[in-house]
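Asks: Take a look at this one; I'll ask things after.
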Amino acid sequence: MHRLFRATTGFFVVLSCVFFVGMVRPSFAQTDLNGYWDVRTPNPSLDETFRDTYFEIQQSGETISGALIRRPNGIPITGTFKDGVIHFVTVPPAPPAPPAGSTAPPRPAQRSITYDGTYENGKLMLTSQGRNGTVASVGERVTKEATMPPAPLPLPALKDLPDNGLARTPPMGWNSWNKFGGRVDDASVRGMADAMVSSGMSKAGYVYINIDDTWELGRDANGNITSNKKFPDMKALADYVHSKGLRIGIYSSPGPKTCAGYEGSFGHEGQDAKTYAAWGIDYLKYDLCSDLDIYKDDALTLQAIYQEMGQALQATHRPIVYSLCEYGRAAVWTGWGEKSGGNLWRTTGDISDRWESMDRIGFSQIKLAPYAKPGHWNDPDMLEIGNGGMTADEYRTHMSLWSLLAAPLIAGNDLRTMTDETKSILMNDEVIAIDQDPEYKPVASLSSDGGIEVLMRPLHDGSVAVGLFNRTAAPAEAQFARSSLPTSLTGKRVKLRDLWKHDAVAMDGDTFKATVPSHGVVLLEISAH
Ligand code: GLA
């Protein structure tokens with residue numbers, strides 16, 4: 001009885017507590033989230049830097065709308081805020097429909113990002129699902145002005161900069177971005193310099209070890225750019241790379257932020273050029289990124305933007321290769337890239353380690369070849385060879401096509417762990433010799449039919465390189481006639497060498513024919529006998 005009483009009482013106590021808590025549960029006075037927020041997320045590379053994402057939140061009762069602030073257009077958000085708990089998603093715009101008659105696959109829709117969290121002590125404690133799993137961020141209120149790009153600074157008056165005498169043949173080296181992204185650090189760069197030498201890459205001509213985005217921290221009290229925790233001593237790293245007989249490159253943006261959201265050179269161009277020179281830097285990739293939010297992207301404005309850093313680099317009197325990265329805007333190849341001091345300029349958006357990307361970029365470049373010349377090269381982006389997303393045939397196409405185009409050969413794989421197959425592609429000296437031909441003459445199309453492309457590039461000694469490419473999904477026959485060779489070769493007996501088989505091959509009468517594997521290439525050098 002006693003026990004029953006106790007149990008019953010206990011039950012009623014619990015019940016009444018539940019009831020009571022339900023009755024007096026503090027209903028959160030709904031906080032007003034309306035306004036601007038800076039959501040700071042630690043960069044995945046744990047280098048103590050943060051990425052700022054700005055939101056304009058509009059709240060109506062429990063409904064959240066507004067935008068993730070992007071220029072020129074924000075990405076709408078939609079969600080709820082109730083009892084201190086917030087949930088919202090970004091609603092990326094539908095991708096543009098492919099133009100009528102286009103056979104290109106439709107662009108995939110952008111991923112929507114989900115944010116969940118709570119409002120605590122004036123801050124939004126959020127988690128979101130990013131590419132690297134769940135990411136925690138903290139949102140703080142900011143003014144509208146803080147979400148806006150800075151006002152433009154005056155740009156220099158245009159003038160044609162002198163040729164710096166560098167890059168007489170397309171630059172060759174390695175860059176961290178394609179393989180490492182934000183995970184590049186001092187140890188991996190040193191490792192890459194070691195491997196560049198031990199693998200034979202440096203002997204094959206690869207000389208630049210280029211650190212891409214995410215090395216930056218911020219600025220010291222004097223406004224000097226500083227490197228983050230991943231790069232404790234840039235000067236010592238440059239000395240190390242030089243001690244291997246190699247050269248070292250670095251990356252920045254004319255905008256306040258780089259493409260990965262790190263510190264850019266905006267307003268510090270001259271100072272940064274001096275810092276790079278003091279560190280011993282030999283190559284700068286200068287990536288437009290957030291400067292697009294500040295200035296227009298017409299040719300004259302872009303020329304002035306790039307000239308500013310070009311001038312600053314030349315003023316250091318250190319030979320620094322100047323690599324323009326503005327994705328081919330305002331036809332950089334038509335002259336202003338060179339005038340601004342550029343040794344090479346990106347002609348397209350970013351490559352990825354997929355056949356579709358490499359194929360689309362590579363074969364769209366042939367018409368630009370006449371614009372390149374020693375010291376001033378078209379750059380269809382870095383190599384993906386050895387990164388694993390394409391077949392060996394596709395990587396041989398990549399190497400052959402980039403060499404016929406006289407594109408910079410900037411490897412983007414992990415040089416420390418290359419397979420023999422990757423080495424045989426990146427270090428095919430006969431193919432590299434085409435890329436590095438000392439008297440640049442542009443590649444031209446001999447024929448383009450149903451996915452079979454035949455390209456020819458004249459070489460300095462009167463011979464020619466001919467690439468027969470098969471862009472289709474099945475093996476196919478490709479051919480060209482002797483009559484399509486330059487007159488210096490048509491009347492003569494010629495010898496043909498297959499640069500991937502490293503062997504002689506023959507014409508069949510007045511025609512050369514070969515079966516080319518799907519996405520593959522037959523690359524020949526043809527010379528007088
Ligand atoms: C841009 C460039 C890339 C790389 C990244 C780094 O996307 O085109 O090559 O440098 O920025 O953030």
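Chain identifiers are assigned as A, B, and so on, following the order in which chains appear in the structure tokens; residues are numbered from 1 within each chain, and ligands are numbered from 1 in order of appearance.
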Using DSSP on the backbone, list every residue of stretch 42-251 of chain A that comes out as strand (DSSP E or B), and give them as a ChimeraX atom specification.
Replies: /A:42,50-60,63-68,75-82,85-90,114-120,123-130,133-142,172-175,208-210,216-219,225-227,247-251
Asks: Give me, as a PDB file with all heavy atoms, in the first residue's frame, the set of residues whose atoms come within 7 Å of any atom of ligand 1, counting only C-alpha atoms and all ligand atoms.
Replies:
```
ATOM      1  N   TRP A 177      46.556  23.489 -57.302  1.00  0.00           N
ATOM      2  CA  TRP A 177      45.093  23.591 -57.186  1.00  0.00           C
ATOM      3  C   TRP A 177      44.336  22.320 -57.564  1.00  0.00           C
ATOM      4  O   TRP A 177      43.466  21.858 -56.833  1.00  0.00           O
ATOM      5  CB  TRP A 177      44.567  24.783 -57.997  1.00  0.00           C
ATOM      6  CG  TRP A 177      43.112  25.004 -57.742  1.00  0.00           C
ATOM      7  CD1 TRP A 177      42.087  24.736 -58.598  1.00  0.00           C
ATOM      8  CD2 TRP A 177      42.515  25.484 -56.531  1.00  0.00           C
ATOM      9  NE1 TRP A 177      40.886  25.036 -57.992  1.00  0.00           N
ATOM     10  CE2 TRP A 177      41.133  25.495 -56.729  1.00  0.00           C
ATOM     11  CE3 TRP A 177      43.028  25.903 -55.298  1.00  0.00           C
ATOM     12  CZ2 TRP A 177      40.230  25.914 -55.744  1.00  0.00           C
ATOM     13  CZ3 TRP A 177      42.145  26.327 -54.310  1.00  0.00           C
ATOM     14  CH2 TRP A 177      40.769  26.324 -54.539  1.00  0.00           C
ATOM     15  N   ASP A 212      48.996  27.631 -55.405  1.00  0.00           N
ATOM     16  CA  ASP A 212      47.764  28.328 -55.814  1.00  0.00           C
ATOM     17  C   ASP A 212      47.109  28.912 -54.561  1.00  0.00           C
ATOM     18  O   ASP A 212      47.758  29.122 -53.511  1.00  0.00           O
ATOM     19  CB  ASP A 212      46.854  27.348 -56.576  1.00  0.00           C
ATOM     20  CG  ASP A 212      45.924  28.030 -57.573  1.00  0.00           C
ATOM     21  OD1 ASP A 212      44.861  28.514 -57.133  1.00  0.00           O
ATOM     22  OD2 ASP A 212      46.252  28.096 -58.768  1.00  0.00           O
ATOM     23  N   ASP A 213      45.825  29.144 -54.641  1.00  0.00           N
ATOM     24  CA  ASP A 213      45.066  29.825 -53.593  1.00  0.00           C
ATOM     25  C   ASP A 213      45.128  29.075 -52.246  1.00  0.00           C
ATOM     26  O   ASP A 213      45.342  27.881 -52.222  1.00  0.00           O
ATOM     27  CB  ASP A 213      43.606  29.904 -54.062  1.00  0.00           C
ATOM     28  CG  ASP A 213      42.827  31.014 -53.393  1.00  0.00           C
ATOM     29  OD1 ASP A 213      43.356  31.633 -52.466  1.00  0.00           O
ATOM     30  OD2 ASP A 213      41.679  31.249 -53.825  1.00  0.00           O
ATOM     31  N   THR A 258      40.417  36.426 -52.726  1.00  0.00           N
ATOM     32  CA  THR A 258      40.710  35.470 -53.792  1.00  0.00           C
ATOM     33  C   THR A 258      39.452  34.657 -54.074  1.00  0.00           C
ATOM     34  O   THR A 258      38.444  34.792 -53.375  1.00  0.00           O
ATOM     35  CB  THR A 258      41.829  34.517 -53.362  1.00  0.00           C
ATOM     36  OG1 THR A 258      41.326  33.711 -52.287  1.00  0.00           O
ATOM     37  CG2 THR A 258      43.076  35.266 -52.912  1.00  0.00           C
ATOM     38  N   CYS A 259      39.555  33.765 -55.055  1.00  0.00           N
ATOM     39  CA  CYS A 259      38.366  32.970 -55.396  1.00  0.00           C
ATOM     40  C   CYS A 259      37.966  32.049 -54.249  1.00  0.00           C
ATOM     41  O   CYS A 259      36.800  31.700 -54.112  1.00  0.00           O
ATOM     42  CB  CYS A 259      38.608  32.155 -56.657  1.00  0.00           C
ATOM     43  SG  CYS A 259      38.724  33.171 -58.134  1.00  0.00           S
ATOM     44  N   ALA A 260      38.918  31.631 -53.424  1.00  0.00           N
ATOM     45  CA  ALA A 260      38.567  30.780 -52.280  1.00  0.00           C
ATOM     46  C   ALA A 260      38.261  31.633 -51.048  1.00  0.00           C
ATOM     47  O   ALA A 260      38.119  31.101 -49.941  1.00  0.00           O
ATOM     48  CB  ALA A 260      39.691  29.795 -51.990  1.00  0.00           C
ATOM     49  N   ASP A 287      44.443  36.210 -60.204  1.00  0.00           N
ATOM     50  CA  ASP A 287      43.121  35.652 -60.488  1.00  0.00           C
ATOM     51  C   ASP A 287      42.029  36.690 -60.180  1.00  0.00           C
ATOM     52  O   ASP A 287      41.866  37.108 -59.034  1.00  0.00           O
ATOM     53  CB  ASP A 287      42.966  34.398 -59.615  1.00  0.00           C
ATOM     54  CG  ASP A 287      41.817  33.521 -60.032  1.00  0.00           C
ATOM     55  OD1 ASP A 287      41.027  33.953 -60.881  1.00  0.00           O
ATOM     56  OD2 ASP A 287      41.717  32.405 -59.492  1.00  0.00           O
ATOM     57  N   CYS A 325      44.730  35.416 -64.940  1.00  0.00           N
ATOM     58  CA  CYS A 325      43.639  34.455 -64.810  1.00  0.00           C
ATOM     59  C   CYS A 325      42.352  35.263 -64.716  1.00  0.00           C
ATOM     60  O   CYS A 325      42.015  35.766 -63.655  1.00  0.00           O
ATOM     61  CB  CYS A 325      43.871  33.588 -63.568  1.00  0.00           C
ATOM     62  SG  CYS A 325      42.593  32.375 -63.290  1.00  0.00           S
ATOM     63  N   TYR A 327      39.764  34.156 -66.986  1.00  0.00           N
ATOM     64  CA  TYR A 327      38.837  33.207 -67.634  1.00  0.00           C
ATOM     65  C   TYR A 327      38.497  33.591 -69.079  1.00  0.00           C
ATOM     66  O   TYR A 327      37.445  33.222 -69.585  1.00  0.00           O
ATOM     67  CB  TYR A 327      37.551  33.036 -66.780  1.00  0.00           C
ATOM     68  CG  TYR A 327      37.771  33.404 -65.311  1.00  0.00           C
ATOM     69  CD1 TYR A 327      37.158  34.512 -64.739  1.00  0.00           C
ATOM     70  CD2 TYR A 327      38.670  32.675 -64.529  1.00  0.00           C
ATOM     71  CE1 TYR A 327      37.411  34.882 -63.422  1.00  0.00           C
ATOM     72  CE2 TYR A 327      38.930  33.034 -63.214  1.00  0.00           C
ATOM     73  CZ  TYR A 327      38.301  34.143 -62.673  1.00  0.00           C
ATOM     74  OH  TYR A 327      38.561  34.515 -61.387  1.00  0.00           O
ATOM     75  N   GLY A 349      37.059  29.085 -68.500  1.00  0.00           N
ATOM     76  CA  GLY A 349      36.776  28.783 -67.096  1.00  0.00           C
ATOM     77  C   GLY A 349      37.620  27.599 -66.626  1.00  0.00           C
ATOM     78  O   GLY A 349      38.482  27.100 -67.361  1.00  0.00           O
ATOM     79  N   ASP A 350      37.347  27.139 -65.410  1.00  0.00           N
ATOM     80  CA  ASP A 350      38.199  26.111 -64.805  1.00  0.00           C
ATOM     81  C   ASP A 350      38.019  24.736 -65.453  1.00  0.00           C
ATOM     82  O   ASP A 350      36.897  24.305 -65.700  1.00  0.00           O
ATOM     83  CB  ASP A 350      37.873  25.972 -63.315  1.00  0.00           C
ATOM     84  CG  ASP A 350      38.323  27.195 -62.531  1.00  0.00           C
ATOM     85  OD1 ASP A 350      38.681  28.213 -63.166  1.00  0.00           O
ATOM     86  OD2 ASP A 350      38.316  27.122 -61.296  1.00  0.00           O
TER      87      ASP A 350
END
```
Asks: If I take atom CA of A:Met382 and atom CA of A:Pro98, how far is one from the other in Å, to one decimal?
Replies: 26.7 Å
Asks: Mind checking DSSP for stretch 143-357 of chain A and telling me the alpha helix (DSSP H) residues as a ChimeraX atom specification?
Replies: /A:177-180,186-198,201-204,234-243,269-279,299-315,336-339,355-357
Asks: Per residue of stretch 159-186 of chain A within 9 Å of stretch 233-256 of chain A, note the shortest atom pair and the distance in Å to one decimal, counting only C-alpha atoms, and order the rows by chain and increasing residue number, as CSV.
Replies:
```
residue,atom,partner,partner_atom,distance
A:Gly173,CA,A:Arg247,CA,8.7
A:Asn175,CA,A:Gly249,CA,8.4
A:Asp186,CA,A:Leu237,CA,7.0
```
Asks: Keeping only N, CA, C and O atoms, write those residues as a compact mmCIF listing (two decimals), in the first residue's frame.
Replies:
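After the write, part-v6.txt holds the following:
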```txt
# COMPACT_ATOMS: atom_id res chain seq x y z
N GLY A 173 55.60 23.39 -65.44
CA GLY A 173 55.77 23.26 -64.00
C GLY A 173 54.65 22.46 -63.37
O GLY A 173 54.07 21.56 -64.01
N ASN A 175 51.28 22.93 -60.37
CA ASN A 175 50.46 23.85 -59.56
C ASN A 175 49.60 23.02 -58.61
O ASN A 175 49.14 21.93 -58.94
N ASP A 186 53.16 23.76 -46.71
CA ASP A 186 54.62 23.80 -46.87
C ASP A 186 55.18 22.41 -47.17
O ASP A 186 55.97 22.23 -48.09
```
Asks: Would you pick out the contacts of A:Glu525 at 8 Å or less, using only C-alpha atoms, so that residues sharing its chain but fewer than 2 positions from it are not included, and give the list as a list in words?
Replies: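 Result of the neighbour search: Ser463, Val464, Ala465, Val466, Leu496, Arg497, Asp498, Leu499, Leu523 and Ser527 of chain A.
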Asks: Interatomic distance between atom CA of A:Pro156 and atom CA of A:Gln303?
Replies: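 Between these atoms lies a distance of 9.6 Å.
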Asks: So that I can check the surroundings of A:Lys492, please list as a list of chain:residue names every protein, DNA and RNA residue that reaches within 8 Å of it, counting only C-alpha atoms and ignoring chain neighbours fewer than 2 positions away.
Replies: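 The residues that qualify are A:Ser488, A:Leu489, A:Thr490, A:Val494, A:Ala528, A:His529.
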Asks: With N, CA and C atoms retained, write the just-selected residues as a JSON list (two decimals), in the first residue's frame.
Replies:
```json
[["chain", "number", "residue", "atom", "x", "y", "z"],
["A", 488, "SER", "N", 56.40, 22.27, -98.42],
["A", 488, "SER", "CA", 57.78, 21.84, -98.16],
["A", 488, "SER", "C", 57.86, 20.32, -97.98],
["A", 489, "LEU", "N", 56.76, 19.67, -97.70],
["A", 489, "LEU", "CA", 56.78, 18.22, -97.49],
["A", 489, "LEU", "C", 56.04, 17.44, -98.57],
["A", 490, "THR", "N", 55.17, 18.10, -99.34],
["A", 490, "THR", "CA", 54.29, 17.32, -100.23],
["A", 490, "THR", "C", 55.06, 16.61, -101.35],
["A", 494, "VAL", "N", 58.58, 11.31, -97.21],
["A", 494, "VAL", "CA", 58.52, 11.75, -95.81],
["A", 494, "VAL", "C", 58.63, 10.56, -94.88],
["A", 528, "ALA", "N", 60.85, 15.45, -93.66],
["A", 528, "ALA", "CA", 61.40, 15.02, -94.95],
["A", 528, "ALA", "C", 62.38, 13.89, -94.68],
["A", 529, "HIS", "N", 62.42, 12.95, -95.62],
["A", 529, "HIS", "CA", 63.26, 11.76, -95.41],
["A", 529, "HIS", "C", 64.73, 12.12, -95.50]]
```
Asks: I want to know what sits within 8 Å of stretch 412-416 of chain A, based on only C-alpha atoms, with residues of the same chain fewer than 2 positions away left out; could you give that as an MDAnalysis selection string?
Replies: chainID A and resid 174:179 191:192 195:196 199 382:387 410 418
Asks: Any chance you can output those residues with all heavy atoms as a compact mmCIF listing (two decimals), in the first residue's frame?
Replies:
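Once everything was written out, this is again.txt:
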```txt
# COMPACT_ATOMS: atom_id res chain seq x y z
N TRP A 174 54.36 22.80 -62.14
CA TRP A 174 53.32 22.11 -61.36
C TRP A 174 52.56 23.17 -60.58
O TRP A 174 53.13 24.20 -60.19
CB TRP A 174 53.99 21.13 -60.39
CG TRP A 174 53.04 20.47 -59.45
CD1 TRP A 174 52.33 19.33 -59.66
CD2 TRP A 174 52.69 20.91 -58.11
NE1 TRP A 174 51.56 19.04 -58.56
CE2 TRP A 174 51.75 19.98 -57.60
CE3 TRP A 174 53.05 21.99 -57.31
CZ2 TRP A 174 51.19 20.11 -56.32
CZ3 TRP A 174 52.49 22.11 -56.04
CH2 TRP A 174 51.58 21.17 -55.56
N ASN A 175 51.28 22.93 -60.37
CA ASN A 175 50.46 23.85 -59.56
C ASN A 175 49.60 23.02 -58.61
O ASN A 175 49.14 21.93 -58.94
CB ASN A 175 49.58 24.70 -60.49
CG ASN A 175 48.56 25.54 -59.73
OD1 ASN A 175 47.63 25.02 -59.12
ND2 ASN A 175 48.73 26.85 -59.77
N SER A 176 49.37 23.57 -57.44
CA SER A 176 48.73 22.81 -56.35
C SER A 176 47.21 22.64 -56.50
O SER A 176 46.62 21.76 -55.87
CB SER A 176 49.00 23.51 -55.02
OG SER A 176 48.52 24.85 -55.05
N TRP A 177 46.56 23.49 -57.30
CA TRP A 177 45.09 23.59 -57.19
C TRP A 177 44.34 22.32 -57.56
O TRP A 177 43.47 21.86 -56.83
CB TRP A 177 44.57 24.78 -58.00
CG TRP A 177 43.11 25.00 -57.74
CD1 TRP A 177 42.09 24.74 -58.60
CD2 TRP A 177 42.52 25.48 -56.53
NE1 TRP A 177 40.89 25.04 -57.99
CE2 TRP A 177 41.13 25.50 -56.73
CE3 TRP A 177 43.03 25.90 -55.30
CZ2 TRP A 177 40.23 25.91 -55.74
CZ3 TRP A 177 42.14 26.33 -54.31
CH2 TRP A 177 40.77 26.32 -54.54
N ASN A 178 44.65 21.77 -58.76
CA ASN A 178 43.81 20.68 -59.27
C ASN A 178 43.77 19.49 -58.33
O ASN A 178 42.74 18.85 -58.18
CB ASN A 178 44.31 20.23 -60.66
CG ASN A 178 43.90 21.23 -61.72
OD1 ASN A 178 43.21 22.20 -61.44
ND2 ASN A 178 44.34 21.01 -62.95
N LYS A 179 44.88 19.20 -57.67
CA LYS A 179 44.89 18.02 -56.79
C LYS A 179 44.59 18.40 -55.34
O LYS A 179 43.88 17.69 -54.65
CB LYS A 179 46.27 17.35 -56.90
CG LYS A 179 46.50 16.20 -55.94
CD LYS A 179 45.72 14.98 -56.36
CE LYS A 179 45.80 13.88 -55.31
NZ LYS A 179 45.00 12.72 -55.70
N GLY A 191 57.58 18.48 -50.77
CA GLY A 191 57.50 17.12 -51.31
C GLY A 191 57.41 17.13 -52.82
O GLY A 191 58.00 16.30 -53.51
N MET A 192 56.66 18.09 -53.33
CA MET A 192 56.48 18.18 -54.78
C MET A 192 57.79 18.61 -55.45
O MET A 192 58.12 18.13 -56.53
CB MET A 192 55.37 19.18 -55.08
CG MET A 192 54.29 18.64 -55.95
SD MET A 192 53.69 17.00 -55.54
CE MET A 192 52.71 17.38 -54.12
N ALA A 195 59.94 15.59 -55.53
CA ALA A 195 59.48 14.62 -56.54
C ALA A 195 59.68 15.14 -57.96
O ALA A 195 59.89 14.37 -58.88
CB ALA A 195 58.01 14.31 -56.30
N MET A 196 59.62 16.44 -58.11
CA MET A 196 59.84 17.04 -59.45
C MET A 196 61.23 16.63 -59.95
O MET A 196 61.41 16.33 -61.13
CB MET A 196 59.76 18.55 -59.34
CG MET A 196 59.77 19.28 -60.64
SD MET A 196 58.15 19.28 -61.37
CE MET A 196 57.79 21.01 -61.40
N SER A 199 61.60 12.31 -59.89
CA SER A 199 60.80 11.59 -60.90
C SER A 199 61.32 11.82 -62.31
O SER A 199 60.89 11.14 -63.24
CB SER A 199 59.35 12.07 -60.84
OG SER A 199 59.31 13.45 -61.23
N MET A 382 45.27 24.24 -66.36
CA MET A 382 46.34 23.32 -65.99
C MET A 382 45.96 21.89 -66.34
O MET A 382 44.82 21.57 -66.59
CB MET A 382 46.59 23.47 -64.50
CG MET A 382 46.89 24.91 -64.15
SD MET A 382 46.88 25.29 -62.40
CE MET A 382 45.18 25.16 -61.95
N LEU A 383 46.98 21.03 -66.30
CA LEU A 383 46.77 19.63 -66.67
C LEU A 383 46.08 18.87 -65.53
O LEU A 383 46.28 19.17 -64.35
CB LEU A 383 48.12 18.98 -66.98
CG LEU A 383 48.92 19.62 -68.12
CD1 LEU A 383 50.30 18.97 -68.25
CD2 LEU A 383 48.16 19.51 -69.44
N GLU A 384 45.30 17.88 -65.93
CA GLU A 384 44.66 16.97 -64.97
C GLU A 384 45.26 15.57 -65.04
O GLU A 384 44.82 14.67 -64.34
CB GLU A 384 43.15 16.89 -65.23
CG GLU A 384 42.38 18.16 -64.94
CD GLU A 384 42.12 18.38 -63.45
OE1 GLU A 384 42.68 17.65 -62.61
OE2 GLU A 384 41.36 19.32 -63.14
N ILE A 385 46.29 15.42 -65.91
CA ILE A 385 46.87 14.10 -66.14
C ILE A 385 47.33 13.48 -64.80
O ILE A 385 48.04 14.12 -64.03
CB ILE A 385 48.06 14.23 -67.12
CG1 ILE A 385 47.54 14.68 -68.47
CG2 ILE A 385 48.86 12.92 -67.21
CD1 ILE A 385 48.58 15.24 -69.41
N GLY A 386 46.88 12.25 -64.56
CA GLY A 386 47.30 11.54 -63.35
C GLY A 386 46.38 11.74 -62.17
O GLY A 386 46.60 11.17 -61.10
N ASN A 387 45.33 12.53 -62.33
CA ASN A 387 44.42 12.76 -61.19
C ASN A 387 43.32 11.70 -61.09
O ASN A 387 42.56 11.70 -60.11
CB ASN A 387 43.82 14.17 -61.24
CG ASN A 387 44.80 15.19 -60.68
OD1 ASN A 387 45.67 14.83 -59.88
ND2 ASN A 387 44.67 16.44 -61.09
N ILE A 410 51.38 22.76 -67.11
CA ILE A 410 51.45 22.88 -65.65
C ILE A 410 50.74 21.67 -65.07
O ILE A 410 49.49 21.61 -65.05
CB ILE A 410 50.79 24.19 -65.16
CG1 ILE A 410 51.35 25.42 -65.91
CG2 ILE A 410 50.96 24.34 -63.65
CD1 ILE A 410 52.79 25.79 -65.60
N MET A 418 53.17 9.17 -58.68
CA MET A 418 52.75 8.97 -60.08
C MET A 418 52.94 7.53 -60.51
O MET A 418 53.96 6.92 -60.21
CB MET A 418 53.62 9.85 -61.00
CG MET A 418 53.25 11.28 -61.00
SD MET A 418 54.13 12.15 -62.31
CE MET A 418 55.75 12.34 -61.59
```
Asks: Using only C-alpha atoms, which of the listed residues (A:His87, A:Arg457, A:Arg141, A:Lys423) sits closest to A:Ala392?
Replies: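 Once distances to A:Ala392 are computed over only C-alpha atoms, the minimum belongs to A:Lys423.
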Asks: Please identify all polymer residues within 10 Å of stretch 362-371 of chain A, counting only C-alpha atoms, omitting same-chain residues fewer than 4 positions from it, and present them as a PyMOL selection string.
Replies: chain A and resi 331-335+347-348+351+356-358+376-381+397-398+401-402+404-407+440-445+453+455+469+471
Asks: Restricted to N, CA and C atoms, what would the selected residues look like written as a short mmCIF file (atom, residue, chain, number, x, y, z; two decimals), in the first residue's frame?
Replies:
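New file again.cif:
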```
data_model
loop_
_atom_site.label_atom_id
_atom_site.label_comp_id
_atom_site.auth_asym_id
_atom_site.auth_seq_id
_atom_site.Cartn_x
_atom_site.Cartn_y
_atom_site.Cartn_z
N ALA A 331 38.23 39.01 -74.42
CA ALA A 331 39.20 38.54 -75.42
C ALA A 331 40.63 38.95 -75.08
N VAL A 332 41.08 38.50 -73.93
CA VAL A 332 42.41 38.87 -73.42
C VAL A 332 43.52 38.57 -74.43
N TRP A 333 43.31 37.58 -75.29
CA TRP A 333 44.34 37.17 -76.24
C TRP A 333 44.54 38.17 -77.37
N THR A 334 43.59 39.10 -77.56
CA THR A 334 43.67 39.98 -78.73
C THR A 334 44.68 41.11 -78.58
N GLY A 335 45.31 41.23 -77.44
CA GLY A 335 46.35 42.26 -77.34
C GLY A 335 46.52 42.86 -75.96
N THR A 347 42.24 31.29 -70.99
CA THR A 347 41.29 31.60 -72.07
C THR A 347 39.90 31.05 -71.76
N THR A 348 39.75 30.32 -70.65
CA THR A 348 38.47 29.65 -70.37
C THR A 348 38.23 29.60 -68.86
N ILE A 351 39.13 24.05 -65.61
CA ILE A 351 39.10 22.67 -66.08
C ILE A 351 38.74 21.77 -64.90
N GLU A 356 34.61 15.40 -70.45
CA GLU A 356 33.76 16.43 -71.03
C GLU A 356 34.39 17.81 -70.87
N SER A 357 34.98 18.06 -69.71
CA SER A 357 35.60 19.35 -69.43
C SER A 357 36.83 19.55 -70.30
N MET A 358 37.72 18.58 -70.29
CA MET A 358 38.98 18.71 -71.04
C MET A 358 38.70 18.81 -72.54
N HIS A 376 54.06 35.17 -74.69
CA HIS A 376 52.64 35.54 -74.48
C HIS A 376 51.75 34.40 -74.97
N TRP A 377 51.34 33.55 -74.03
CA TRP A 377 50.70 32.29 -74.41
C TRP A 377 49.24 32.22 -73.98
N ASN A 378 48.44 31.54 -74.80
CA ASN A 378 47.08 31.18 -74.38
C ASN A 378 47.18 30.07 -73.33
N ASP A 379 46.36 30.15 -72.31
CA ASP A 379 46.41 29.16 -71.24
C ASP A 379 45.03 28.52 -71.06
N PRO A 380 44.85 27.32 -71.63
CA PRO A 380 43.54 26.66 -71.48
C PRO A 380 43.40 25.94 -70.15
N ASP A 381 44.16 26.30 -69.18
CA ASP A 381 44.15 25.80 -67.80
C ASP A 381 45.10 24.61 -67.63
N THR A 397 45.28 12.29 -74.98
CA THR A 397 44.64 13.35 -75.78
C THR A 397 44.93 14.72 -75.15
N HIS A 398 44.79 14.79 -73.82
CA HIS A 398 45.04 16.03 -73.06
C HIS A 398 46.46 16.54 -73.34
N LEU A 401 46.98 17.43 -77.17
CA LEU A 401 46.25 18.64 -77.58
C LEU A 401 46.90 19.88 -76.98
N TRP A 402 47.24 19.81 -75.69
CA TRP A 402 47.88 20.98 -75.05
C TRP A 402 49.22 21.28 -75.74
N LEU A 404 50.06 20.55 -78.95
CA LEU A 404 49.80 21.13 -80.27
C LEU A 404 49.39 22.59 -80.14
N LEU A 405 48.69 22.91 -79.05
CA LEU A 405 48.23 24.29 -78.83
C LEU A 405 49.35 25.20 -78.31
N ALA A 406 50.50 24.64 -77.97
CA ALA A 406 51.55 25.39 -77.27
C ALA A 406 51.00 25.98 -75.98
N ALA A 407 50.26 25.15 -75.25
CA ALA A 407 49.71 25.59 -73.96
C ALA A 407 50.77 25.40 -72.88
N TYR A 440 57.63 29.35 -82.61
CA TYR A 440 56.20 29.08 -82.52
C TYR A 440 55.46 29.35 -83.82
N LYS A 441 54.78 28.32 -84.30
CA LYS A 441 53.82 28.50 -85.41
C LYS A 441 52.52 27.85 -84.97
N PRO A 442 51.40 28.52 -85.19
CA PRO A 442 50.14 28.04 -84.62
C PRO A 442 49.61 26.76 -85.25
N VAL A 443 48.94 25.98 -84.44
CA VAL A 443 48.25 24.78 -84.92
C VAL A 443 47.06 25.21 -85.77
N ALA A 444 46.67 24.35 -86.73
CA ALA A 444 45.47 24.62 -87.54
C ALA A 444 44.73 23.31 -87.74
N SER A 445 43.46 23.44 -88.04
CA SER A 445 42.65 22.24 -88.26
C SER A 445 42.77 21.81 -89.72
N GLU A 453 38.93 14.86 -85.35
CA GLU A 453 39.63 16.13 -85.59
C GLU A 453 41.06 15.81 -86.03
N LEU A 455 44.56 17.79 -86.60
CA LEU A 455 45.22 19.08 -86.37
C LEU A 455 46.66 19.00 -86.82
N PHE A 469 42.55 12.95 -83.71
CA PHE A 469 41.80 12.77 -82.45
C PHE A 469 40.43 12.16 -82.73
N ARG A 471 36.95 12.07 -80.85
CA ARG A 471 36.16 12.56 -79.71
C ARG A 471 34.90 11.73 -79.49
#
```
Asks: Between A:Gly388, A:Pro170, A:Pro232, A:Gly264, which has the minimum distance to A:Ser323 (counting only C-alpha atoms)?
Replies: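 Distance minimum relative to A:Ser323 lands on A:Pro170.
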Asks: Mind checking which residues fall within 12 Å of A:Arg71, counting only C-alpha atoms, ignoring those fewer than 2 positions away in the same chain, and posting them as a PyMOL selection string?
Replies: chain A and resi 54+67-69+73-75+147-149+289-295
Asks: Could you tell me how far atom CA of A:Asn210 sits from atom CA of A:Thr275, in Å to one decimal place?
Replies: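 Rounded to one decimal, the two atoms are 16.2 Å apart.
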Asks: Of the residues A:Ile77, A:Gly218, A:Asn228, A:Val91, which is the one nearest to A:Ser45, using only C-alpha atoms?
Replies: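 Between A:Ile77, A:Gly218, A:Asn228, A:Val91, the residue approaching A:Ser45 most closely is A:Asn228.
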